[in-house]
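Structure file structure_0.pdb (PDB, C-alpha atoms and all ligand atoms) follows.
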```
MODEL        1
ATOM      1  CA  MET A   1       0.101 -10.875  12.700
ATOM      2  CA  ARG A   2       1.319 -13.499  10.218
ATOM      3  CA  ILE A   3       4.588 -13.254   8.337
ATOM      4  CA  TYR A   4       5.047 -15.335   5.203
ATOM      5  CA  ALA A   5       8.403 -15.772   3.522
ATOM      6  CA  ALA A   6       8.352 -15.555  -0.256
ATOM      7  CA  LYS A   7      10.888 -17.437  -2.362
ATOM      8  CA  ASP A   8      11.269 -14.577  -4.817
ATOM      9  CA  TYR A   9       9.380 -11.604  -6.218
ATOM     10  CA  ALA A  10       7.121 -13.747  -8.408
ATOM     11  CA  ASP A  11       6.217 -15.873  -5.390
ATOM     12  CA  LEU A  12       5.552 -12.781  -3.255
ATOM     13  CA  SER A  13       3.370 -11.287  -5.985
ATOM     14  CA  ARG A  14       1.389 -14.505  -6.406
ATOM     15  CA  LYS A  15       0.843 -14.904  -2.665
ATOM     16  CA  ALA A  16      -0.327 -11.292  -2.411
ATOM     17  CA  ALA A  17      -2.605 -11.633  -5.447
ATOM     18  CA  ASN A  18      -4.072 -14.802  -3.917
ATOM     19  CA  ILE A  19      -5.104 -12.939  -0.794
ATOM     20  CA  ILE A  20      -6.533 -10.020  -2.770
ATOM     21  CA  SER A  21      -8.458 -12.241  -5.177
ATOM     22  CA  ALA A  22      -9.797 -14.311  -2.261
ATOM     23  CA  GLN A  23     -11.169 -11.059  -0.818
ATOM     24  CA  VAL A  24     -12.762 -10.149  -4.157
ATOM     25  CA  ILE A  25     -14.290 -13.592  -4.591
ATOM     26  CA  MET A  26     -15.636 -13.703  -1.021
ATOM     27  CA  LYS A  27     -17.065 -10.193  -1.286
ATOM     28  CA  PRO A  28     -17.567  -9.087  -4.900
ATOM     29  CA  ASN A  29     -18.381  -5.512  -3.827
ATOM     30  CA  ALA A  30     -15.415  -5.239  -1.455
ATOM     31  CA  VAL A  31     -13.540  -2.008  -0.850
ATOM     32  CA  LEU A  32      -9.847  -2.460  -1.582
ATOM     33  CA  GLY A  33      -7.313  -0.076  -0.094
ATOM     34  CA  LEU A  34      -4.518   0.085  -2.667
ATOM     35  CA  ALA A  35      -0.897   1.160  -2.674
ATOM     36  CA  THR A  36       1.601   2.435  -5.212
ATOM     37  CA  GLY A  37       5.383   1.965  -5.211
ATOM     38  CA  SER A  38       7.443  -0.688  -6.906
ATOM     39  CA  THR A  39       6.580  -3.522  -4.493
ATOM     40  CA  PRO A  40       2.910  -4.193  -5.400
ATOM     41  CA  VAL A  41       3.349  -3.962  -9.182
ATOM     42  CA  GLY A  42       3.847  -7.737  -9.516
ATOM     43  CA  ALA A  43       0.693  -8.444  -7.512
ATOM     44  CA  TYR A  44      -1.282  -6.119  -9.811
ATOM     45  CA  ARG A  45       0.201  -7.870 -12.816
ATOM     46  CA  GLN A  46      -0.801 -11.267 -11.436
ATOM     47  CA  LEU A  47      -4.347 -10.055 -10.739
ATOM     48  CA  ILE A  48      -4.603  -8.711 -14.306
ATOM     49  CA  GLU A  49      -3.519 -12.128 -15.589
ATOM     50  CA  TRP A  50      -6.175 -13.889 -13.519
ATOM     51  CA  TYR A  51      -8.754 -11.309 -14.605
ATOM     52  CA  ASN A  52      -7.905 -12.023 -18.256
ATOM     53  CA  LYS A  53      -8.407 -15.727 -17.609
ATOM     54  CA  GLY A  54     -11.827 -14.994 -16.132
ATOM     55  CA  ASP A  55     -10.865 -16.061 -12.616
ATOM     56  CA  VAL A  56     -11.516 -12.775 -10.853
ATOM     57  CA  ASP A  57     -14.021 -10.013 -11.502
ATOM     58  CA  PHE A  58     -13.661  -6.406 -10.327
ATOM     59  CA  PHE A  59     -16.954  -5.058 -11.695
ATOM     60  CA  GLN A  60     -18.454  -4.276  -8.288
ATOM     61  CA  ILE A  61     -15.193  -3.480  -6.502
ATOM     62  CA  SER A  62     -14.396  -0.033  -5.118
ATOM     63  CA  SER A  63     -10.936   1.168  -4.276
ATOM     64  CA  VAL A  64      -9.318   3.860  -2.199
ATOM     65  CA  ASN A  65      -5.648   4.611  -2.584
ATOM     66  CA  LEU A  66      -3.414   5.489   0.301
ATOM     67  CA  ASP A  67      -1.865   8.678  -0.947
ATOM     68  CA  GLU A  68      -1.090  11.184  -3.675
ATOM     69  CA  TYR A  69       1.518  13.855  -4.258
ATOM     70  CA  LYS A  70       0.284  17.383  -3.723
ATOM     71  CA  GLY A  71       0.700  19.483  -6.842
ATOM     72  CA  LEU A  72       0.556  16.692  -9.438
ATOM     73  CA  SER A  73      -2.431  16.177 -11.696
ATOM     74  CA  GLY A  74      -3.724  12.685 -12.418
ATOM     75  CA  GLU A  75      -2.208  12.986 -15.899
ATOM     76  CA  HIS A  76       1.317  13.531 -14.568
ATOM     77  CA  ASP A  77       3.189  10.290 -15.112
ATOM     78  CA  GLN A  78       4.488  10.322 -11.540
ATOM     79  CA  SER A  79       1.109  10.911  -9.936
ATOM     80  CA  TYR A  80      -0.327   7.973  -8.082
ATOM     81  CA  ARG A  81      -3.587   8.263 -10.034
ATOM     82  CA  TYR A  82      -1.597   7.765 -13.227
ATOM     83  CA  PHE A  83       0.302   4.858 -11.644
ATOM     84  CA  MET A  84      -2.904   3.086 -10.650
ATOM     85  CA  ASN A  85      -4.579   3.581 -14.013
ATOM     86  CA  HIS A  86      -1.482   2.453 -15.857
ATOM     87  CA  ASN A  87      -0.510  -0.503 -13.657
ATOM     88  CA  PHE A  88      -3.933  -1.827 -12.728
ATOM     89  CA  PHE A  89      -7.241  -0.078 -13.397
ATOM     90  CA  ASP A  90      -6.867   0.254 -17.184
ATOM     91  CA  HIS A  91      -6.412  -3.512 -17.453
ATOM     92  CA  ILE A  92      -9.351  -4.793 -15.397
ATOM     93  CA  ASN A  93     -13.095  -4.176 -15.347
ATOM     94  CA  ILE A  94     -13.222  -2.006 -12.233
ATOM     95  CA  LYS A  95     -15.415   1.046 -12.886
ATOM     96  CA  LYS A  96     -13.157   4.105 -12.915
ATOM     97  CA  GLU A  97     -15.759   6.090 -10.997
ATOM     98  CA  ASN A  98     -15.419   3.580  -8.164
ATOM     99  CA  THR A  99     -11.667   4.166  -7.857
ATOM    100  CA  ASN A 100     -10.520   6.868  -5.457
ATOM    101  CA  VAL A 101      -7.181   8.624  -5.120
ATOM    102  CA  PRO A 102      -6.704  11.931  -3.276
ATOM    103  CA  ASN A 103      -6.821  14.884  -5.684
ATOM    104  CA  GLY A 104      -3.290  16.258  -5.871
ATOM    105  CA  LEU A 105      -4.556  19.494  -7.384
ATOM    106  CA  ALA A 106      -7.234  20.201  -4.782
ATOM    107  CA  PRO A 107      -7.004  23.937  -4.060
ATOM    108  CA  ASP A 108      -7.659  23.576  -0.359
ATOM    109  CA  ALA A 109      -5.825  20.791   1.453
ATOM    110  CA  GLU A 110      -8.115  20.674   4.455
ATOM    111  CA  THR A 111     -11.225  20.371   2.320
ATOM    112  CA  GLU A 112      -9.603  17.602   0.289
ATOM    113  CA  CYS A 113      -8.678  15.669   3.440
ATOM    114  CA  ARG A 114     -12.236  15.962   4.724
ATOM    115  CA  ARG A 115     -13.610  14.877   1.358
ATOM    116  CA  TYR A 116     -11.347  11.824   1.268
ATOM    117  CA  ASN A 117     -12.262  10.787   4.812
ATOM    118  CA  HIS A 118     -15.883  11.066   3.793
ATOM    119  CA  VAL A 119     -15.290   8.883   0.713
ATOM    120  CA  ILE A 120     -13.792   6.127   2.880
ATOM    121  CA  LYS A 121     -16.640   6.328   5.394
ATOM    122  CA  SER A 122     -19.371   6.432   2.785
ATOM    123  CA  LEU A 123     -17.998   3.250   1.225
ATOM    124  CA  GLY A 124     -18.395   1.574   4.604
ATOM    125  CA  GLY A 125     -14.674   1.346   5.344
ATOM    126  CA  ILE A 126     -11.884  -0.680   3.794
ATOM    127  CA  ASP A 127     -12.089  -4.467   3.642
ATOM    128  CA  LEU A 128      -8.476  -5.137   2.705
ATOM    129  CA  GLN A 129      -5.684  -2.581   2.789
ATOM    130  CA  LEU A 130      -2.561  -3.303   0.769
ATOM    131  CA  LEU A 131       0.621  -1.629   2.031
ATOM    132  CA  GLY A 132       4.248  -1.254   1.119
ATOM    133  CA  ILE A 133       6.715  -0.024   3.704
ATOM    134  CA  GLY A 134       9.350   2.683   3.481
ATOM    135  CA  GLY A 135      12.954   2.106   4.465
ATOM    136  CA  ASN A 136      12.194   4.357   7.442
ATOM    137  CA  GLY A 137       9.076   2.380   8.411
ATOM    138  CA  HIS A 138       6.579   4.724   6.809
ATOM    139  CA  ILE A 139       3.214   3.434   5.591
ATOM    140  CA  GLY A 140       1.414   5.493   3.009
ATOM    141  CA  PHE A 141       3.171   8.790   3.540
ATOM    142  CA  ASN A 142       2.900   8.550   7.311
ATOM    143  CA  GLU A 143       6.485   9.409   8.104
ATOM    144  CA  PRO A 144       8.237   8.799  11.442
ATOM    145  CA  GLY A 145       7.091  11.476  13.841
ATOM    146  CA  ALA A 146       6.055  12.386  17.311
ATOM    147  CA  ALA A 147       2.503  11.074  17.095
ATOM    148  CA  PHE A 148       0.383   8.683  15.052
ATOM    149  CA  GLU A 149      -1.648  10.855  12.677
ATOM    150  CA  LYS A 150      -5.278   9.870  12.486
ATOM    151  CA  GLU A 151      -7.140  10.357   9.242
ATOM    152  CA  THR A 152      -6.274  11.792   5.828
ATOM    153  CA  HIS A 153      -3.850  14.675   6.204
ATOM    154  CA  LEU A 154      -1.235  16.663   4.323
ATOM    155  CA  VAL A 155       2.372  15.724   5.068
ATOM    156  CA  THR A 156       5.734  17.293   4.412
ATOM    157  CA  LEU A 157       7.811  14.531   2.878
ATOM    158  CA  THR A 158      11.084  13.660   4.570
ATOM    159  CA  GLU A 159      14.294  14.109   2.632
ATOM    160  CA  GLN A 160      14.825  10.317   2.797
ATOM    161  CA  THR A 161      11.480   9.680   1.109
ATOM    162  CA  ARG A 162      12.014  12.402  -1.489
ATOM    163  CA  GLU A 163      15.489  11.113  -2.278
ATOM    164  CA  SER A 164      14.258   7.555  -2.513
ATOM    165  CA  ASN A 165      11.523   8.642  -4.954
ATOM    166  CA  ALA A 166      13.765  10.989  -6.945
ATOM    167  CA  ARG A 167      14.697   8.096  -9.220
ATOM    168  CA  PHE A 168      11.251   8.390 -10.788
ATOM    169  CA  PHE A 169      11.591  12.130 -11.484
ATOM    170  CA  ALA A 170      13.970  14.200 -13.598
ATOM    171  CA  GLY A 171      15.751  15.193 -10.380
ATOM    172  CA  LEU A 172      15.269  15.751  -6.664
ATOM    173  CA  ASP A 173      13.979  19.276  -7.282
ATOM    174  CA  GLU A 174      11.080  17.829  -9.257
ATOM    175  CA  VAL A 175       9.884  15.626  -6.383
ATOM    176  CA  PRO A 176       6.923  17.253  -4.667
ATOM    177  CA  THR A 177       7.516  18.381  -1.099
ATOM    178  CA  HIS A 178       4.048  17.516   0.178
ATOM    179  CA  ALA A 179       1.550  14.707  -0.173
ATOM    180  CA  PHE A 180      -1.918  13.719   0.932
ATOM    181  CA  THR A 181      -2.040  10.475   2.833
ATOM    182  CA  MET A 182      -4.526   8.396   4.718
ATOM    183  CA  GLY A 183      -3.696   8.504   8.387
ATOM    184  CA  ILE A 184      -2.823   5.704  10.741
ATOM    185  CA  LYS A 185      -6.390   5.553  12.011
ATOM    186  CA  SER A 186      -7.723   5.208   8.439
ATOM    187  CA  ILE A 187      -5.283   2.349   7.811
ATOM    188  CA  MET A 188      -5.890   0.644  11.157
ATOM    189  CA  SER A 189      -9.659   0.767  10.552
ATOM    190  CA  ALA A 190      -9.304  -1.591   7.577
ATOM    191  CA  LYS A 191     -10.655  -5.046   8.359
ATOM    192  CA  LYS A 192      -7.575  -6.757   6.950
ATOM    193  CA  ILE A 193      -4.071  -5.503   6.215
ATOM    194  CA  LEU A 194      -1.610  -6.985   3.735
ATOM    195  CA  LEU A 195       1.918  -5.552   3.828
ATOM    196  CA  LEU A 196       4.532  -6.448   1.221
ATOM    197  CA  ALA A 197       8.266  -5.919   1.517
ATOM    198  CA  THR A 198      11.199  -6.839  -0.664
ATOM    199  CA  GLY A 199      14.909  -6.199  -0.522
ATOM    200  CA  GLU A 200      17.571  -5.662   2.058
ATOM    201  CA  ASN A 201      16.816  -1.946   2.369
ATOM    202  CA  LYS A 202      13.525  -2.939   4.056
ATOM    203  CA  ALA A 203      15.128  -5.385   6.539
ATOM    204  CA  LYS A 204      15.581  -2.879   9.350
ATOM    205  CA  ALA A 205      12.136  -1.342   8.840
ATOM    206  CA  LEU A 206      10.518  -4.789   9.000
ATOM    207  CA  TYR A 207      12.457  -5.831  12.083
ATOM    208  CA  ASP A 208      11.775  -2.547  13.891
ATOM    209  CA  SER A 209       8.116  -2.529  12.868
ATOM    210  CA  PHE A 210       7.209  -6.036  13.925
ATOM    211  CA  PHE A 211       9.732  -6.914  16.621
ATOM    212  CA  GLY A 212      10.362  -3.527  18.205
ATOM    213  CA  PRO A 213       8.230  -1.241  20.347
ATOM    214  CA  VAL A 214       5.046   0.307  18.957
ATOM    215  CA  THR A 215       6.101   3.887  18.396
ATOM    216  CA  PRO A 216       5.262   6.746  16.005
ATOM    217  CA  GLY A 217       9.014   6.828  15.346
ATOM    218  CA  VAL A 218       8.344   3.674  13.275
ATOM    219  CA  PRO A 219       4.853   4.221  11.823
ATOM    220  CA  ALA A 220       4.348   0.612  10.648
ATOM    221  CA  SER A 221       4.895  -0.636  14.215
ATOM    222  CA  ILE A 222       1.257   0.244  14.959
ATOM    223  CA  LEU A 223       0.308  -2.738  12.778
ATOM    224  CA  GLN A 224       1.354  -5.022  15.659
ATOM    225  CA  LEU A 225      -1.945  -3.939  17.223
ATOM    226  CA  HIS A 226      -4.081  -4.858  14.202
ATOM    227  CA  ASN A 227      -5.920  -8.122  14.618
ATOM    228  CA  ASP A 228      -5.717  -9.277  10.984
ATOM    229  CA  CYS A 229      -2.374  -8.246   9.547
ATOM    230  CA  THR A 230      -0.452 -10.369   7.042
ATOM    231  CA  ILE A 231       3.092  -9.600   5.966
ATOM    232  CA  ILE A 232       4.691 -11.170   2.909
ATOM    233  CA  ALA A 233       8.393 -10.547   2.488
ATOM    234  CA  ASP A 234      11.331 -11.948   0.601
ATOM    235  CA  GLU A 235      14.436 -13.339   2.277
ATOM    236  CA  GLU A 236      16.399 -10.089   1.918
ATOM    237  CA  ALA A 237      13.684  -8.132   3.694
ATOM    238  CA  LEU A 238      13.444 -10.860   6.362
ATOM    239  CA  SER A 239      17.192 -11.064   6.919
ATOM    240  CA  LEU A 240      17.356  -9.060  10.147
ATOM    241  CA  ILE A 241      14.299 -10.810  11.585
ATOM    242  CA  ARG A 242      15.945 -14.171  10.889
ATOM    243  CA  GLU A 243      19.186 -12.963  12.409
ATOM    244  CA  LYS A 244      17.795 -11.381  15.560
ATOM    245  CA  THR A 245      14.662 -13.329  16.467
ATOM    246  CA  ASN A 246      13.535 -16.934  16.624
ATOM    247  CA  TRP A 247      10.712 -16.313  14.126
ATOM    248  CA  LYS A 248      10.126 -19.254  11.775
ATOM    249  CA  ASP A 249       7.929 -19.112   8.719
ATOM    250  CA  VAL A 250       4.965 -21.406   8.479
ATOM    251  CA  ASN A 251       4.644 -23.486   5.384
ATOM    252  CA  TYR A 252       2.554 -21.423   2.982
ATOM    253  CA  ASP A 253       3.192 -22.871  -0.396
ATOM    254  CA  ASN A 254       1.016 -21.970  -3.312
TER     255      ASN A 254
HETATM  256  P1  LIG A 301       8.411   0.769  -2.724
HETATM  257  O1  LIG A 301       7.808   1.892  -1.771
HETATM  258  O2  LIG A 301       7.332  -0.269  -2.883
HETATM  259  O3  LIG A 301       8.718   1.479  -4.010
HETATM  260  O4  LIG A 301       9.617   0.227  -2.043
HETATM  261  C1  LIG A 301       7.187   1.523  -0.588
HETATM  262  C2  LIG A 301       6.918   2.731   0.268
HETATM  263  O5  LIG A 301       7.755   3.657   0.277
HETATM  264  O6  LIG A 301       5.887   2.763   0.953
ENDMDL
END
```
Do you think you could lay out the structure here as structure tokens?
Ligand code: PGA
Amino acid sequence: MRIYAAKDYADLSRKAANIISAQVIMKPNAVLGLATGSTPVGAYRQLIEWYNKGDVDFFQISSVNLDEYKGLSGEHDQSYRYFMNHNFFDHINIKKENTNVPNGLAPDAETECRRYNHVIKSLGGIDLQLLGIGGNGHIGFNEPGAAFEKETHLVTLTEQTRESNARFFAGLDEVPTHAFTMGIKSIMSAKKILLLATGENKAKALYDSFFGPVTPGVPASILQLHNDCTIIADEEALSLIREKTNWKDVNYDN
């Protein structure tokens, strides 16, 4: 596990985009595991900029997203399909048919989970999985719980997660109560992991995840056991790690 300190959000976004574009350049038909949320938006923006300059090409890339709200169609402006189209896919040359997000309107949840697991397997697995982290240590919508969930499954969202996402909806009542998410096993099977975190409200989650015990009570803590996991965080998100551990960032300046 490597932790890189970013000077600010632009620096974090550029560092993240560097790692993603390196993956795309090294393997033009790579499978990217992608994430929504506010944190990765800057990295997507940076990748779009480099795409427009001709520096990176997504023509053969496939993608699988971590999660999707149950009950929202891809046209709903808070669905994760809409988010991905709007923030990334519509601006690059990835083929839409090669982009995968769970279907929030699937009539049968179990069938949809099986289908999504099959999609990931048939692509040959994920080369690079991008992750944000919740204030409670969740990854995807894998919320703190009694066990690490394995593959794609339907979750009941915690009140903390619903409240934290309510800002994007007309009100808390509008926030879906359930979501499809890749499981911990799906995420851990990715060859590389890249986790991004910004802001003080992530400081405890980062400290607990990477300097505490590996426990399903802090879902991201499982990443300590991944053999190629990179974390990029800003100073606010690193504040508790700096305060409580002797971790020092290596010089990664670009
Ligand atoms: P955020 O969400 O990027 O909007 O902070 C991250 C998450 O909850 O996984």
*Top pick for closest residue to Thr161 of chain A, considering A:Phe88, A:Phe141, A:Trp50, A:Tyr69 and counting only C-alpha atoms*: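 Of A:Phe88, A:Phe141, A:Trp50, A:Tyr69, the one nearest Thr161 of chain A, counting only C-alpha atoms, is A:Phe141.
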Where's the centre, and what are the edge lengths in Å to one decimal, of a box along x, y and z enclosing all listed atoms of segment 189-199 of chain A padded 4 Å per side, as AutoDock Vina command-line options?
```
--center_x 2.1 --center_y -3.1 --center_z 4.9 --size_x 33.6 --size_y 15.8 --size_z 19.2
```
Matched chain/residue IDs from the PyMOL selection byres (((chain A and resi 29) around 12) and not hetatm), as a ChimeraX atom specification:
/A:23-28,30-32,57-63,94-95,98,123-124,126-128
| field | 8 Å shell around ligand LIG 301 (chain A) using only C-alpha atoms and all ligand atoms, listed as a PyMOL selection string | value | chain A and resi 35-40+131-135+138-141+161+165+196-198+202
Which residues would end up in the selection if the PyMOL selection byres (((chain A and resi 182) around 6) and not hetatm) were applied here, given that I need the answer as an MDAnalysis selection string?
chainID A and resid 66 151:152 181 183 186
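With atom CA of Asn87 of chain A on one side and atom CA of Lys185 of chain A on the other, the separation reads 27.0 Å.
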- With a distance cut-off of 12 Å and all atoms listed in the file, select the neighbouring residues of Ser164 of chain A, excluding the residue or stretch itself and same-chain residues fewer than 2 positions from it, and output the selection as a list of chain:residue names. A:Gly37, A:Ser38, A:Gly134, A:Gly135, A:Asn136, A:Leu157, A:Thr158, A:Glu159, A:Gln160, A:Thr161, A:Arg162, A:Ala166, A:Arg167, A:Phe168, A:Phe169, A:Gly171, A:Leu172, A:Val175, A:Asn201
For atom CA of Lys244 of chain A and atom CA of Gly217 of chain A, the interatomic separation in Å (one decimal):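 Between atom CA of Lys244 of chain A and atom CA of Gly217 of chain A the gap is 20.2 Å.
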In Å, rounded to a single decimal, give me how far atom CA of Tyr44 of chain A is from atom CA of Phe89 of chain A.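 Calculated distance between atom CA of Phe89 of chain A and atom CA of Tyr44 of chain A is 9.2 Å.
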